[in-house]
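Next comes model-v1.txt, a file with compact mmCIF, C-alpha atoms.
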```txt
# COMPACT_ATOMS: atom_id res chain seq x y z
CA MET A 4 -8.39 -10.00 6.93
CA LYS A 5 -6.87 -6.68 5.82
CA LYS A 6 -6.94 -5.80 2.15
CA LEU A 7 -3.79 -3.87 1.28
CA GLN A 8 -3.55 -2.31 -2.17
CA ILE A 9 -0.42 -0.79 -3.65
CA LEU A 10 -1.25 1.77 -6.32
CA GLY A 11 1.52 2.32 -8.83
CA THR A 12 2.78 1.51 -12.28
CA GLY A 13 5.65 -0.70 -11.13
CA CYS A 14 8.37 1.89 -10.50
CA ALA A 15 11.13 1.31 -7.94
CA LYS A 16 9.26 3.23 -5.21
CA CYS A 17 6.10 1.22 -5.91
CA LYS A 18 8.01 -2.04 -5.51
CA LYS A 19 9.65 -0.80 -2.31
CA LEU A 20 6.29 0.23 -0.86
CA ALA A 21 4.87 -3.22 -1.69
CA ALA A 22 7.81 -5.00 -0.03
CA GLN A 23 7.74 -2.78 3.08
CA THR A 24 3.96 -3.07 3.42
CA GLU A 25 4.18 -6.85 3.26
CA GLU A 26 6.99 -6.87 5.85
CA ALA A 27 5.03 -4.56 8.18
CA ALA A 28 1.92 -6.73 7.96
CA LYS A 29 3.96 -9.89 8.64
CA GLN A 30 5.59 -8.28 11.68
CA MET A 31 2.12 -7.37 12.97
CA GLY A 32 1.04 -10.99 12.65
CA ILE A 33 -2.21 -10.12 10.90
CA GLU A 34 -4.01 -11.87 8.07
CA PHE A 35 -3.67 -9.81 4.93
CA GLU A 36 -3.91 -9.84 1.18
CA ILE A 37 -1.82 -7.56 -1.04
CA GLU A 38 -3.07 -6.43 -4.41
CA LYS A 39 -0.99 -4.39 -6.82
CA VAL A 40 -3.11 -1.93 -8.80
CA THR A 41 -1.14 -0.91 -11.89
CA ASP A 42 -3.83 0.32 -14.30
CA ILE A 43 -3.74 4.11 -14.37
CA ASN A 44 -7.54 4.36 -14.72
CA ASP A 45 -8.04 2.21 -11.61
CA ILE A 46 -5.52 4.36 -9.71
CA VAL A 47 -7.33 7.57 -10.70
CA GLU A 48 -10.64 6.07 -9.48
CA PHE A 49 -9.15 6.20 -5.97
CA GLY A 50 -8.57 9.94 -6.45
CA VAL A 51 -4.81 9.38 -6.47
CA MET A 52 -2.73 11.54 -8.80
CA MET A 53 0.72 10.57 -7.51
CA THR A 54 2.26 7.16 -6.89
CA PRO A 55 3.06 5.10 -5.03
CA ALA A 56 0.00 5.01 -2.79
CA LEU A 57 -1.25 2.63 -0.12
CA VAL A 58 -4.91 1.74 0.31
CA VAL A 59 -6.01 -0.16 3.43
CA ASP A 60 -9.48 -1.72 3.31
CA GLY A 61 -10.58 0.73 0.61
CA GLU A 62 -9.22 3.87 2.30
CA VAL A 63 -6.25 5.75 0.82
CA LYS A 64 -3.67 6.06 3.62
CA ILE A 65 -0.58 7.54 1.99
CA VAL A 66 0.31 9.01 -1.41
CA GLY A 67 3.61 9.82 -3.09
CA LYS A 68 6.11 8.41 -0.62
CA VAL A 69 7.43 5.25 0.97
CA PRO A 70 7.12 5.39 4.76
CA SER A 71 9.17 3.34 7.21
CA ILE A 72 7.97 -0.08 8.35
CA GLU A 73 7.02 1.43 11.74
CA GLU A 74 4.93 4.12 10.05
CA LEU A 75 3.30 1.49 7.86
CA LYS A 76 2.30 -0.55 10.91
CA LYS A 77 0.42 2.49 12.24
CA LEU A 78 -1.27 3.06 8.87
CA ILE A 79 -2.28 -0.58 8.54
CA GLY A 80 -3.41 -0.57 12.18
```

Go ahead and express the file in the form of structure tokens.
Amino acid sequence: MKKLQILGTGCAKCKKLAAQTEEAAKQMGIEFEIEKVTDINDIVEFGVMMTPALVVDGEVKIVGKVPSIEELKKLIG
């Protein structure tokens, strides 16, 4: 099972990244769990200074933008 974490305070881009990440994972047919990390201290612990960010299985994959669903599939891999 993939652990997908969306780092962000709940802004529009953060919500879009969460929705697109979920859609990408569903299209891939994988088992996944999405967690939204909204606490700024928790976000900083990942070394992220800009949101939104995507973390896949503990590894930061993208910061500061919302990629396409196709790009997300590659990042989730």

Which of these residues is nearest to Gly61 of chain A, using all atoms listed in the file: A:Ile33, A:Ile9, A:Ala22, A:Cys17? A:Ile9

Using all atoms listed in the file, which residue out of A:Met4, A:Cys14, A:Ala28, A:Ile79 lies closest to Met53 of chain A? A:Cys14

Could you put an axis-aligned box around every listed atom of segment 26-45 of chain A, padded by 3 Å on each side, and send me its centre and edge lengths in Å to one decimal, as JSON?
```
{"center_x": -0.5, "center_y": -3.8, "center_z": -0.9, "size_x": 21.0, "size_y": 22.2, "size_z": 33.7}
```

Hey, which bits of segment 26-52 of chain A sit within 12 Å of segment 64-76 of chain A, and for each residue what's the closest pair of atoms and how far apart in Å (one decimal), counting only C-alpha atoms, rows by chain and increasing number, as CSV?
```
residue,atom,partner,partner_atom,distance
A:Glu26,CA,A:Ile72,CA,7.3
A:Ala27,CA,A:Ile72,CA,5.4
A:Ala28,CA,A:Lys76,CA,6.9
A:Lys29,CA,A:Lys76,CA,9.8
A:Gln30,CA,A:Lys76,CA,8.4
A:Met31,CA,A:Lys76,CA,7.1
A:Gly32,CA,A:Lys76,CA,10.7
A:Ile33,CA,A:Lys76,CA,10.6
A:Ile46,CA,A:Val66,CA,11.2
A:Phe49,CA,A:Val66,CA,10.9
A:Gly50,CA,A:Val66,CA,10.3
A:Val51,CA,A:Val66,CA,7.2
A:Met52,CA,A:Val66,CA,8.4
```

Those selected residues, please, written with C-alpha atoms and delivered as a short mmCIF file (atom, residue, chain, number, x, y, z; two decimals), in the coordinates of the input.
```
data_model
loop_
_atom_site.label_atom_id
_atom_site.label_comp_id
_atom_site.auth_asym_id
_atom_site.auth_seq_id
_atom_site.Cartn_x
_atom_site.Cartn_y
_atom_site.Cartn_z
CA GLU A 26 6.99 -6.87 5.85
CA ALA A 27 5.03 -4.56 8.18
CA ALA A 28 1.92 -6.73 7.96
CA LYS A 29 3.96 -9.89 8.64
CA GLN A 30 5.59 -8.28 11.68
CA MET A 31 2.12 -7.37 12.97
CA GLY A 32 1.04 -10.99 12.65
CA ILE A 33 -2.21 -10.12 10.90
CA ILE A 46 -5.52 4.36 -9.71
CA PHE A 49 -9.15 6.20 -5.97
CA GLY A 50 -8.57 9.94 -6.45
CA VAL A 51 -4.81 9.38 -6.47
CA MET A 52 -2.73 11.54 -8.80
#
```

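When all atoms listed in the file are used to measure the gap to Ile43 of chain A, the shortest distance among A:Leu10, A:Leu78, A:Ala21, A:Val59 belongs to A:Leu10.
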
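The space between atom CA of Leu7 of chain A and atom CA of Val47 of chain A spans 16.9 Å.
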
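The spacing separating atom CA of Glu62 of chain A from atom CA of Lys39 of chain A amounts to 14.8 Å.
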
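Among the candidates A:Lys5, A:Glu34, A:Asn44, A:Ala56, the one nearest to Lys18 of chain A when counting all atoms listed in the file is A:Ala56.
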
Point (6.6, 6.5, -9.0), cut-off 6 Å, counting only C-alpha atoms, residues as a PDB file with C-alpha atoms, in the frame of the given file:
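The result, stored in point-v5.pdb:
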```pdb
ATOM      1  CA  CYS A  14       8.370   1.890 -10.500  1.00  0.00           C
ATOM      2  CA  LYS A  16       9.260   3.230  -5.210  1.00  0.00           C
ATOM      3  CA  THR A  54       2.260   7.160  -6.890  1.00  0.00           C
ATOM      4  CA  PRO A  55       3.060   5.100  -5.030  1.00  0.00           C
TER       5      PRO A  55
END
```

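Reported to one decimal place, the separation of atom CA of Lys19 of chain A from atom CA of Phe35 of chain A is 17.6 Å.
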